[in-house]
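**Q** Dropping the structure in here first, questions after.
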Amino acid sequence: MQYNNNNNGYGLNEYMIQEDDWDRDLLLDPAWEKQQRKTFTAWCNSHLRKAGTQIENIEEDLRNGLKLMLLLEVISGERLPRPDRGKMRFHKIANVNKALDYITSKGVKLVSIGAEEIVDGNVKMTLGMIWTIILRFAIQDISVEETSAKEGLLLWCQRKTAPYRNVNVQNFHCSWKDGLAFCALIHRHRPDLIDYAKLNKDDHLGNLSLALEIAEKHLDIPKMLDPEDIINTPKPDERATMTYVSCFYHAFAGAEQAETAANRICKVLGVNQENEKLMEEYERLASELLEWIRRTTPWLEKRTPENTVEAMRHKLEDFRDYRRIHKPPKVQEKCQLEISFNTLQTKLHISHRPAFMPSEGKMVSHLWRDLKMAKGYEEWLLTEIRRLERVEHLAEKFQQKAATHESWAQGKDQLLTLKDYESASLTELRVLLRKHEAFESDLAAHQDRVEQLAAIAQELNELDYHAAAVINERCQSICDHWDQLGTLTQKRREALERTEKLLETIDQLFLEFAKRSAPFNNWMEGAMEDLQDMFMVHSVDEVQSLISAHDQFKATLAEADSERQAILSIYNEVQKIAQSYGISSKLTNIYCDITPAIINQKWEKVKKSVPQRDGGLHEELSRQHANERLRRQFAAQANAIGPWIQTRMEEIARCSVDLAGTLEDQMNHLKQYEHNIINYKPNIDRLEGDHQLIQESLIFDNKHTNYTMEHMRVGWESLLTTVARTINEMETQILTRDAKGISQQQLNDFRSSFTHFDRKKKGGMETDDFRACLISMGYDLGEAEFARIMSLVDPDGAGVVTFQSFVDFMTRETGDTETSEQVIASFRILAADKPYILVDELRRELPPEQAEYCISRMPPYQGPDGVPGALDYTAFSTVLYGESDL
């Protein structure tokens with residue numbers, strides 16, 4: 001319904017001319033005059049009572065012009081010139097003229113109405129003047145669909161009574177005689193006052209009486225008509241009926257306006273309440289995820305190594321459980337939280353509310369940032385396991401070599417400090433000298449072993465072996481003892497050489513045996529160490545290299561056996577000489593402790609260890625071949641899954657910008673992609689299983705593929721996130737389209753423009769591309785205007801305009817928007833045009849939930865014209881749209 005203040009349609013002058021032709025002569029009808037007297041008198045009194053007065057006889061009480069001027073002031077809200085207070089005729093004429101002049105000033109042409117006729121009590125002229133006032137101030141502004149006042153009021157009545165049976169309003173006389181039209185108007189706006197279904201269409205008097213009584217009692221509309229006069233008059237007076245019906249219009253128009261305002265406010269508040277619930281739910285979910293991250297982060301940051309491989313493997317197994325069991329649900333929660341966040345922001349955009357800013361630390365992008373050290377944690381675990389394996393291998397190797405050396409060195413310093421040469425004979429001294437030479441040869445052969453021990457100890461230090469202090473202490477003890485032996489050896493040689501001139505007898509054969517047996521014995525001990533040495537390899541090539549070296553060693557056994565037999569033949573020669581010259585067969589080689597039995601015993605150990613070494617190497621070769629099969633099996637799957645993920649990513653990207661079909665069609669395509677991706681999950685699980693086998697086999701490299709399990713996990717998580725996010729974006733576009741009332745064609749046009757100017761096809765227009773897009777659509781852009789638009793579509797200053805931002809901008813440009821000013825205007829209607837609103841008014845006009853929402857959030861009104869309990873609806877409305885803060 002519209003209020004027309006611009007004289008659209010017929011102007012008032014033209015209307016009055018028509019009125020002259022309409023019923024000037026018929027005013028002489030006594031029945032009509034009676035109806036007009038009663039109706040116009042009641043109409044005047046409905047306004048005069050606001051000034052505390054009334055009239056009884058319309059032609060008598062208006063003759064002096066005082067109440068006529070007062071009536072005009074009440075209905076117009078304006079001050080008229082000061083009335084003359086005299087009681088003479090010219091005073092009365094002056095007052096009536098002031099009233100008539102005011103009416104004329106409002107654009108009303110008074111036809112044949114003069115002050116003298118009013119002062120003289122001319123009934124016809126007085127009623128005509130009142131009808132002119134009613135037309136100007138009660139009916140003229142009624143306009144429905146650009147119609148004139150009378151037609152507008154009639155059209156309003158027809159629309160309001162259209163749904164009611166037995167009611168057909170065609171005019172302002174006979175259409176109202178049965179009273180049903182009045183009852184229908186009341187029931188349409190106040191169904192609580194009349195039970196229309198129980199009315200009898202034949203009970204004209206009862207219907208009219210009921211309507212007039214209810215209008216007076218509940219709607220504050222005085223009885224301006226007599227039911228009996230309406231029934232008994234063949235054609236009731238139109239002016240009287242129009243005057244009375246206009247009171248219904250004014251009574252209900254305000255109620256309808258208030259209802260419209262209340263509906264608008266409820267709609268706005270409903271949006272705010274729904275958004276607040278979404279914000280609370282986001283905060284709750286984000287808090288739970290943040291708490292899990294805060295519990296998990298210290299565990300991932302803790303890089304305290306264990307002392308054993310087994311303990312570190314337990315840590316690796318815990319980390320696998322984290323990646324495979326604990327983290328995936330949280331990744332899904334993070335993705336869902338991101339989707340909820342985007343949906344909420346879209347709803348806020350659509351309803352022109354400020355963007356949602358989560359509590360500190362609860363942005364989705366910030367929540368996940370601390371968990372990115374997970375990959376580094378896994379690498380650290382694997383590095384530590386490899387280090388500990390190396391450390392344990394070296395530590396055991398050190399202990400074996402140290403035990404062998406210490407066993408050899410035990411008691412050597414006591415032998416070197418003996419003074420046996422002081423009392424020895426020449427022969428005995430020569431024996432001692434030769435024995436010392438053999439010891440020096442043996443000592444030199446042990447030099448490499450001591451250096452190996454020192455090198456192993458140094459490497460253990462560099463690898464942070466937990467018992468490095470014990471190793472260092474033992475190694476230092478061996479080195480110190482070695483230096484001591486060297487010093488003692490030098491001193492004993494000097495002592496023996498001083499007495500060498502006195503001693504000449506030396507048993508050459510024993511000496512030769514000692515010289516050749518000692519290096520050979522040392523070679524056998526070294527061979528045993530090599531044959532029993534542990535090995536740690538990671539590939540088939542490394543094992544085959546060890547096998548090749550072992551084969552080369554086996555090739556030297558024949559030569560070594562020849563040397564052994566040569567050394568034993570020396571000892572046999574000694575036995576022959578002893579037998580030939582009758583020397584005791586229990587001769588002892590004074591130059592060394594090595595005997596043929598020792599040589600044979602060690603030689604048998606060497607021969608026995610060779611096939612054992614063969615078996616160990618070939619067993620390791622089989623294990624490395626199995627590892628190679630695991631590598632190839634993993635690579636075959638990874639090389640298939642990696643491109644599959646990339647292809648799906650490209651298909652989803654193409655679908656998101658595809659203009660063919662409706663958004664719902666594209667949504668169905670995306671849902672199918674999502675279904676296919678979910679069904680592909682068993683392939684990822686099989687790859688995870690192969691990867692676990694590889695890790696359990698401690699395989700650290702794979703030359704058959706460039707994909708790692710971490711690549712696969714990141715790609716898979718990215719694919720799941722991308723399809724979910726794209727579906728959410730499509731849902732957002734559908735939500736935006738439906739909420740903004742834009743057509744599918746409009747949305748396709750937006751997408752076509754966006755795709756054309758997204759030159760790099762990365763899902764966003766750069767600044768220059770966006771400027772070109774706007775120019776292509778006819779925008780005349782200056783720098784200031786373009787900067788303003790960029791602040792709307794790219795508030796973060798990233799230099800990229802996303803499709804959602806572009807659609808938001810275009811729908812704002814092409815669609816109607818609801819603003820804070822409209823909400824303020826609606827509250828002003830409920831507040832009866834006051835700058836504040838009261839609690840009782842809110843509870844009367846709004847549903848309970850919305851009323852209490854406003855009461856709990858509206859600040860007190862601070863204006864000088866306020867009353868106790870007044871609330872500031874203007875401040876509240878601006879806060880709803882983010883234009884101010886409470």
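For the structure tokens, the naming scheme is as follows: chains receive sequential letters (A, B, ...) according to their order of presentation, residues are indexed from 1 within each chain, and ligands are indexed from 1 in presentation order.
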Residues near A:Lys605, anyone? I mean within 8 Å using only C-alpha atoms, not counting same-chain ones fewer than 4 positions away, as a ChimeraX atom specification.
**A** /A:528,601,609
**Q** Find the residues near A:Ala115: any atom within 12 Å, counting only C-alpha atoms, skip ones fewer than 2 places away on the same chain, and give them as a PyMOL selection string.
**A** chain A and resi 62-65+68+89-101+110+112-113+117-122+125-126+129
**Q** Excluding stretch 163-170 of chain A and any residue of its chain fewer than 6 positions from it, enumerate the residues within 12 Å of it, using only C-alpha atoms, and give them as a ChimeraX atom specification.
**A** /A:150-151,153-157,176-188,196-197,199-202,238,245
**Q** Got a sec: who's within 12 Å of A:Phe553, counting only C-alpha atoms, leaving out chain neighbours fewer than 2 positions off, as a ChimeraX atom specification?
**A** /A:523-524,526-528,530-531,546-551,555-560,606-607,610,613-614
**Q** Which residues come within 7 Å of A:Tyr571, counting only C-alpha atoms, excluding same-chain residues fewer than 4 positions away, as a PyMOL selection string?
**A** chain A and resi 513+567+575
**Q** Show me, as a ChimeraX atom specification, the residues that have an atom within 10 Å of stretch 481-494 of chain A when counting only C-alpha atoms, minus same-chain residues fewer than 3 positions from it.
**A** /A:405-406,409-410,412-419,421,432-433,436-437,439-440,443-444,446-447,450,475-478,497-500
